[in-house]
Amino acid sequence: MTLSTTINGVFFKNPIIAASGTFGFGGEYNELYDVGCLGGISSKGLTLNPKDGNEGVRVYETPSGMMNSVGLQNPGVEAFIRDGIPAMRKLDTVLIANMGGSCIEDYVAGAEMLSKADIDMLELNISCPNVKSGGMAFGLKADVAKEVVTAVRQVCSKPLMVKMSPNAENIVEMALACEEAGADSLSLVNTFQAMAIDIRTRKSVFQNLYAGLSGPAIKPIALRMVHSVCKAVHVPVVGIGGIATATDVLEFLMVGATAVQIGTVNFNNPTAGRDILNDLEQLCQREGIDDLSQIRGIL
Amino acid sequence: MEYFETKVVGQERITDDIFVLKVERRDAVVAAGQFFMLKCWDNELTLMRPISLFKADEHTLYFMYRVIGKGTRRLSILRTGDSIMLLGSLGTGFPVQEVSGKVALVGGGLGIPPLCQTVRELHDLGVETDVFVGYRDTPFALVDFEPYAHAIFVATEKGNEGYRGFVTDLLKPEDYDAVFTCGPEIMMRKVAAICDATNTPCWCSMEHRMACGIGACFGCSIRTPEGMKRVCKDGPVFPAHLLFQK
Ligand SMILES: Cc1cc2nc3c(=O)[nH]c(=O)nc-3n(C[C@H](O)[C@H](O)[C@H](O)COP(=O)(O)OP(=O)(O)OC[C@H]3O[C@@H](n4cnc5c(N)ncnc54)[C@H](O)[C@@H]3O)c2cc1C
Ligand SMILES: Cc1cc2nc3c(=O)[nH]c(=O)nc-3n(C[C@H](O)[C@H](O)[C@H](O)COP(=O)(O)O)c2cc1C
Ligand code: FES
C-alpha cells in the first residue's frame with residue numbers, strides 16, 4: 001500500500017499536510033512527535049514585512065470549531081528565509097511557504113524572494129484584505145484574484161499553489177480564474193468570515209469585528225466546495241476544512257482532492273498529524289485501498 | 001513537554017466552585033509557574049484548557065481550578081480512575097533559580113494556585129518566602145502554603161478573614177529582594193507599580209486565551225516593549241516592566 005502522491009512534481013510521502021497558521025514552522029510540534037512523518041508543512045502565513053497581528057482576542061472556541069483573528073503575525077519573508085527555512089529543512093518533509101499580502105506589489109516582492117529561496121512550493125493566501133481597495137479581500141472577486149495570481153506567476157519559479165477563500169463570490173469561477181492566471185494547484189478552503197458577540201460588553205469579541213471560522217463545523221461546506229472545484233479545474237486540488245479523522249481525509253480524496261491540510265485539529269489533539277496518518281493506513285487496509293488513486297475523485 | 005494520557009487519582013471540592021484535581025504524574029517534568037493544557041473530552045470541545053500546576057509530588061500532579069464554563073465543568077465531574085489528556089508542562093515559569101534572599105509571593109483569587117508550587121520550590125532552594133494572598137470572601141489553599149512559607153498574610157475584600165481590603169495594601173516591596181505575582185490584572189498592575197517605586201524586581205504571571213499552548217499559533221500574543229510575546233511560550237511569567245509600563 002502506498003499513500004504517497006505528487007503535486008506539481010513535488011513528492012509527498014502521504015497526503016497529510018499541516019495547515020498554515022496552526023503549525024508555526026513545525027518546530028514546536030516536532031517536540032511532541034516526529035513531524036517528518038507528515039506529507040508536508042505549510043508555514044505560518046508570511047508577509048513581505050514583519051507583522052504584529054491583531055490586538056485583542058485572537059482565538060475563540062465555538063461549537064465544533066473555533067474562530068481566529070491572529071492577523072498574520074509573522075517575522076516577514078526575509079527573516080523566514082534566514083531562520084525559518086533552515087529550521088524547517090531539518091524536518092524531512094515538504095516545505096510549503098504560505099504567503100499573503102496587502103497589495104499586489106508586496107505579493108510580487110515576497111514571491112520573488114521566496115522563489116530564490118530553498119522552498120518546495122509557494123502557497124499564495126489570497127484571503128488577505130487589499131488595503132488599496134478599501135480592505136476587501138483579494139479572494140472575493142475572480143478578476144481581483146486573477147490580477148494578483150497573474151502578477152505573482154510572472155516572478156514565481158516554484159510550484160504555485162493558490163489558497164482560496166470560501167468567502168469568494170463564486171468558488172468555481174474563482175478557481176477557474178486562478179487556474180487561468182497560472183496557478184499550478186489550488187488549496188481550499190481558508191476560514192469562513194464569521195462573528196461572535198460578547199453580550200456583557202455588547203461588542204464583538206474581536207477588535208476587527210469579524211474573524212475566521214474553522215474546524216469540524218465547516219467541513220461539510222468545505223467538502224462541497226472542493227467537490228465542485230475539482231469537477232471544474234484540471235490542476236491538483238488540496239482539500240482543507242475541518243478535517244479531524246482519517247475518514248474525513250478519505251472523503252476529501254473521494255471528491256477529488258490530491259492531498260489535504262489539517263489545521264484546527266492540531267489544537268484539539270497535538271499529535272493529530274501522526275494519529276490521523278496511522279489511522280489512514282489502517283483505514284485504507286480495511287477498505288482494501290492499495291493506492292489513493294483508486295478512490296480519488298470517484299464522486 | 002509531552003502529550004500524554006494519564007489517570008485521575010482524586011478530585012476534591014474546596015469551595016462551591018473550586019476544585020482540586022489530582023492526576024498520576026507519569027514522567028512529567030515541571031517547574032513553578034508552568035501550566036498544562038487539559039482535556040477530558042474527545043472533540044465535543046475544540047480546545048484544550050490551560051490550567052496552572054498547583055503543586056507536584058513525586059507521583060502526583062495537582063490542579064486547582066474554578067468552574068466557570070463548559071470545560072472546567074467537565075473537569076469537575078472527573079472521578080478517580082477516569083482518564084485525562086495532558087499537554088505539558090508548558091511555558092516559562094517563575095525564575096526561582098535566579099532569586100535569593102527574601103521573596104514575596106502575591107496572589108489573588110485563582111492566581112493563588114501556581115504560587116503553591118512556587119513556594120515549595122523556593123523553600124527547597126532555601127529562599128525565605130512570605131506569601132500574600134487576597135480573596136473575595138473565603139480563603140482557600142492556606143494549608144498548602146503553611147509548611148513552606150515564612151509568613152502568610154491574608155486579605156479578604158469582605159473582611160471574612162484577615163485584613164479587610166486588598167492584599168496589595170499589605171505588601172511592602174522594600175522588604176524583599178524579589179516579588180512574584182499572579183492574579184487579576186488590576187492586582188498585578190498595582191503590585192508592579194509599588195515594586196517599581198522601590199526598585200524591587202517583580203515578575204507577573206499572565207492569562208490569555210490559547211489554542212495550541214505550545215507557541216505555534218500566535219493565538220495568545222501580547223504587545224510588549226520588546227515586541228510581541230506569546231503568553232504560552234515566552235510566558236506566562238514575564239518581568240513586570242514588559243507588561244505594565246508607567
Ligand atoms: C496559563 C494559564 C493558567 C491558568 N491557570 C488556571 C488555574 O490554575 N486555575 C483556574 O481556575 N484557571 C486557570 N486559568 C484559567 C482557565 O484556563 C479558564 O478558566 C478555563 O480555560 C475556562 O474554560 P471553560 O471551558 O470552563 O470556560 P469557557 O468560558 O466556556 O471557555 C471558553 C474558551 O475560553 C477560554 N477561556 C475562558 N476563560 C479564560 C481565561 N481566564 N484564561 C484563558 N482562557 C480562558 C477557554 O480556555 C476556552 O477556550 C489559566 C489560564 C491560563 C492562560
Ligand atoms: C489560528 C489559525 C491561524 C491561521 N493562519 C493562517 C495563515 O496564516 N495563512 C493561511 O493561509 N491560513 C491560515 N489559517 C487557515 C488554516 O490554514 C485553514 O485553512 C483553516 O483553518 C481551515 O482548516 P481547519 O478547519 O482544518 O482548521 C489559520 C487558521 C487558524 C485556526
Ligand atoms: S496558544 Fe498558540 S502560540 Fe500561544
# chains A, B, ... in the order shown; residues from 1 in each chain; ligands from 1
>>> select_by_dssp(residues="stretch 74-266 of chain A", states="helix (DSSP H, G or I)", output="NGL selection string")
:A and (77-89 or 104-115 or 131-133 or 142-155 or 171-180 or 216-232 or 246-254 or 265-266)
>>> interface_residues(of="chain B", to="chain A", cutoff="9 Å", atoms="only C-alpha atoms", output="short mmCIF file (atom, residue, chain, number, x, y, z; two decimals) with N, CA and C atoms, in the first residue's frame")
data_model
loop_
_atom_site.label_atom_id
_atom_site.label_comp_id
_atom_site.auth_asym_id
_atom_site.auth_seq_id
_atom_site.Cartn_x
_atom_site.Cartn_y
_atom_site.Cartn_z
N MET B 1 8.25 18.72 27.51
CA MET B 1 6.86 18.82 27.06
C MET B 1 6.42 17.52 26.40
N GLU B 2 5.24 17.07 26.82
CA GLU B 2 4.74 15.80 26.32
C GLU B 2 3.21 15.85 26.24
N TYR B 3 2.66 15.12 25.31
CA TYR B 3 1.20 14.98 25.25
C TYR B 3 0.91 13.56 25.67
N LYS B 39 -7.51 18.09 28.84
CA LYS B 39 -8.66 17.72 28.02
C LYS B 39 -9.24 16.42 28.53
N ASP B 42 -13.36 14.25 23.80
CA ASP B 42 -12.78 13.90 22.52
C ASP B 42 -12.79 15.18 21.67
N ASN B 43 -13.84 15.37 20.86
CA ASN B 43 -13.89 16.63 20.12
C ASN B 43 -15.18 17.40 20.38
N GLU B 44 -15.83 17.07 21.51
CA GLU B 44 -17.04 17.81 21.86
C GLU B 44 -16.69 19.28 22.12
N LEU B 45 -15.51 19.49 22.67
CA LEU B 45 -14.97 20.85 22.77
C LEU B 45 -13.73 20.88 21.90
N THR B 46 -13.51 22.00 21.21
CA THR B 46 -12.41 22.07 20.25
C THR B 46 -11.05 22.20 20.94
N LEU B 47 -11.00 23.05 21.95
CA LEU B 47 -9.70 23.41 22.52
C LEU B 47 -9.45 22.75 23.87
N MET B 48 -8.18 22.52 24.16
CA MET B 48 -7.78 22.08 25.48
C MET B 48 -7.82 23.31 26.40
N LEU B 87 -1.15 18.03 28.18
CA LEU B 87 -0.06 18.52 27.34
C LEU B 87 0.78 19.43 28.22
N HIS B 208 -4.23 34.31 29.17
CA HIS B 208 -4.70 34.70 27.85
C HIS B 208 -5.40 33.51 27.22
N ARG B 209 -6.38 33.78 26.37
CA ARG B 209 -6.98 32.69 25.62
C ARG B 209 -5.93 32.01 24.78
N MET B 210 -5.98 30.69 24.71
CA MET B 210 -4.96 29.94 23.99
C MET B 210 -5.59 28.90 23.08
N ALA B 211 -4.87 28.57 22.00
CA ALA B 211 -5.31 27.47 21.14
C ALA B 211 -4.30 26.33 21.25
N CYS B 212 -3.07 26.56 20.75
CA CYS B 212 -2.10 25.46 20.75
C CYS B 212 -1.43 25.26 22.11
N GLY B 213 -1.15 26.33 22.82
CA GLY B 213 -0.48 26.25 24.11
C GLY B 213 1.02 26.01 24.03
N ILE B 214 1.56 25.84 22.82
CA ILE B 214 2.98 25.49 22.71
C ILE B 214 3.79 26.49 21.87
N GLY B 215 3.16 27.58 21.48
CA GLY B 215 3.92 28.63 20.78
C GLY B 215 3.82 28.60 19.27
N ALA B 216 2.89 27.80 18.73
CA ALA B 216 2.86 27.62 17.27
C ALA B 216 1.84 28.50 16.55
N CYS B 217 0.81 28.98 17.25
CA CYS B 217 -0.32 29.60 16.53
C CYS B 217 -0.42 31.11 16.69
N PHE B 218 0.34 31.70 17.60
CA PHE B 218 0.28 33.15 17.87
C PHE B 218 -1.12 33.58 18.31
N GLY B 219 -1.87 32.66 18.89
CA GLY B 219 -3.22 32.98 19.35
C GLY B 219 -3.20 33.73 20.67
N CYS B 220 -2.08 33.70 21.38
CA CYS B 220 -2.02 34.26 22.73
C CYS B 220 -1.02 35.40 22.82
N SER B 221 -0.70 36.00 21.66
CA SER B 221 0.35 37.04 21.66
C SER B 221 -0.11 38.31 22.34
N ILE B 222 0.81 38.94 23.04
CA ILE B 222 0.54 40.25 23.62
C ILE B 222 1.65 41.22 23.21
N ARG B 223 1.29 42.49 23.17
CA ARG B 223 2.28 43.51 22.78
C ARG B 223 3.11 43.91 23.99
N GLY B 227 8.52 43.83 21.79
CA GLY B 227 7.87 43.15 20.68
C GLY B 227 6.76 42.22 21.15
N MET B 228 6.17 41.50 20.19
CA MET B 228 5.08 40.61 20.50
C MET B 228 5.63 39.40 21.27
#
>>> closest_residue(among="A:Leu3, A:Met99, A:Leu91, A:Ala259", to="A:Asn49", atoms="only C-alpha atoms")
A:Met99
>>> closest_residue(among="B:Cys232, B:Val96, B:Leu115, B:Leu242", to="ligand 1", atoms="only C-alpha atoms and all ligand atoms")
B:Cys232
>>> residues_near_ligand(ligand="ligand 1", cutoff="6 Å", atoms="only C-alpha atoms and all ligand atoms", output="ChimeraX atom specification")
/A:61 /B:35,47,49-52,64-73,110,113,207-209,236
>>> residues_around(residues="B:Ala149", least_positions_apart="2", cutoff="7 Å", atoms="only C-alpha atoms", output="PyMOL selection string")
chain B and resi 119+129-131+145-147+151-152
>>> write_last_selection(atoms="N, CA, C and O atoms", output="compact mmCIF listing (two decimals), in the first residue's frame")
# COMPACT_ATOMS: atom_id res chain seq x y z
N VAL B 119 6.19 28.39 46.12
CA VAL B 119 6.70 28.48 47.49
C VAL B 119 7.43 27.18 47.86
O VAL B 119 8.44 27.19 48.56
N THR B 129 10.44 32.87 52.06
CA THR B 129 9.34 33.37 51.24
C THR B 129 8.13 33.76 52.08
O THR B 129 7.62 32.95 52.86
N ASP B 130 7.68 35.00 51.91
CA ASP B 130 6.42 35.44 52.52
C ASP B 130 5.33 35.38 51.46
O ASP B 130 5.57 35.71 50.30
N VAL B 131 4.15 34.96 51.90
CA VAL B 131 3.04 34.79 50.95
C VAL B 131 1.92 35.77 51.29
O VAL B 131 1.47 35.84 52.43
N PHE B 145 0.16 26.24 51.79
CA PHE B 145 1.29 27.16 51.88
C PHE B 145 2.01 27.05 53.21
O PHE B 145 3.22 27.29 53.30
N GLU B 146 1.25 26.70 54.26
CA GLU B 146 1.79 26.78 55.62
C GLU B 146 3.14 26.10 55.84
O GLU B 146 4.04 26.69 56.42
N PRO B 147 3.34 24.86 55.34
CA PRO B 147 4.62 24.20 55.63
C PRO B 147 5.83 24.88 54.98
O PRO B 147 6.96 24.62 55.37
N ALA B 151 5.99 33.42 56.29
CA ALA B 151 4.80 34.06 56.88
C ALA B 151 3.71 34.14 55.82
O ALA B 151 4.02 34.18 54.63
N ILE B 152 2.45 34.14 56.27
CA ILE B 152 1.33 34.25 55.34
C ILE B 152 0.46 35.43 55.74
O ILE B 152 0.09 35.55 56.91
>>> atom_distance(atom1="atom CA of B:Pro114", atom2="atom CA of B:Ala56")
10.6 Å
>>> closest_residue(among="B:His59, B:Phe238, B:Arg74, B:Tyr163", to="B:Glu226", atoms="only C-alpha atoms")
B:Phe238
>>> residues_around(residues="stretch 187-199 of chain B", least_positions_apart="4", cutoff="6 Å", atoms="only C-alpha atoms", output="VMD selection string")
chain B and resid 173 to 174 240
>>> select_by_dssp(residues="stretch 6-224 of chain B", states="strand (DSSP E)", output="PyMOL selection string")
chain B and resi 6-13+18-24+35-39+49-52+55-56+60-66+83-90+102-108+128-135+151-156+163-164+178-182+202-205+221-224
>>> residues_around(residues="B:Pro184", least_positions_apart="2", cutoff="8 Å", atoms="only C-alpha atoms", output="list of chain:residue names")
B:Gly108, B:Gly109, B:Gly111, B:Cys182, B:Ile186, B:Met187, B:Met188
>>> atom_distance(atom1="atom CA of A:Gln282", atom2="atom CA of A:Thr245")
12.1 Å
>>> residues_around(residues="A:Asn278", least_positions_apart="5", cutoff="10 Å", atoms="only C-alpha atoms", output="VMD selection string")
chain A and resid 37 246 272 to 273 283
>>> write_last_selection(atoms="N, CA, C and O atoms", output="PDB file, in the first residue's frame")
ATOM      1  N   CYS A  37       7.053  12.745   9.625  1.00  0.00           N
ATOM      2  CA  CYS A  37       6.139  11.707   9.132  1.00  0.00           C
ATOM      3  C   CYS A  37       5.045  12.313   8.254  1.00  0.00           C
ATOM      4  O   CYS A  37       4.370  11.608   7.512  1.00  0.00           O
ATOM      5  N   ALA A 246      -9.245  10.172   9.841  1.00  0.00           N
ATOM      6  CA  ALA A 246      -8.840   9.526   8.589  1.00  0.00           C
ATOM      7  C   ALA A 246     -10.025   9.409   7.637  1.00  0.00           C
ATOM      8  O   ALA A 246      -9.874   9.508   6.418  1.00  0.00           O
ATOM      9  N   ALA A 272      -2.274  15.052  16.314  1.00  0.00           N
ATOM     10  CA  ALA A 272      -3.268  14.681  15.298  1.00  0.00           C
ATOM     11  C   ALA A 272      -2.619  14.265  13.981  1.00  0.00           C
ATOM     12  O   ALA A 272      -3.081  13.313  13.338  1.00  0.00           O
ATOM     13  N   GLY A 273      -1.568  14.957  13.567  1.00  0.00           N
ATOM     14  CA  GLY A 273      -0.934  14.635  12.290  1.00  0.00           C
ATOM     15  C   GLY A 273      -0.520  13.175  12.246  1.00  0.00           C
ATOM     16  O   GLY A 273      -0.884  12.425  11.330  1.00  0.00           O
ATOM     17  N   LEU A 283      -7.180   2.366   7.930  1.00  0.00           N
ATOM     18  CA  LEU A 283      -8.468   2.503   7.258  1.00  0.00           C
ATOM     19  C   LEU A 283      -8.370   2.047   5.804  1.00  0.00           C
ATOM     20  O   LEU A 283      -9.251   1.344   5.294  1.00  0.00           O
TER      21      LEU A 283
END
>>> residues_around(residues="stretch 151-159 of chain A", least_positions_apart="5", cutoff="8 Å", atoms="only C-alpha atoms", output="list in words")
Asn8, Ile104, Tyr107, Val108, Ala111, Glu112, Ser115, Lys116, Ile119, Asp120, Met121, Leu122, Ala181, Gly182, Ala183, Asp184 and Ser185 of chain A
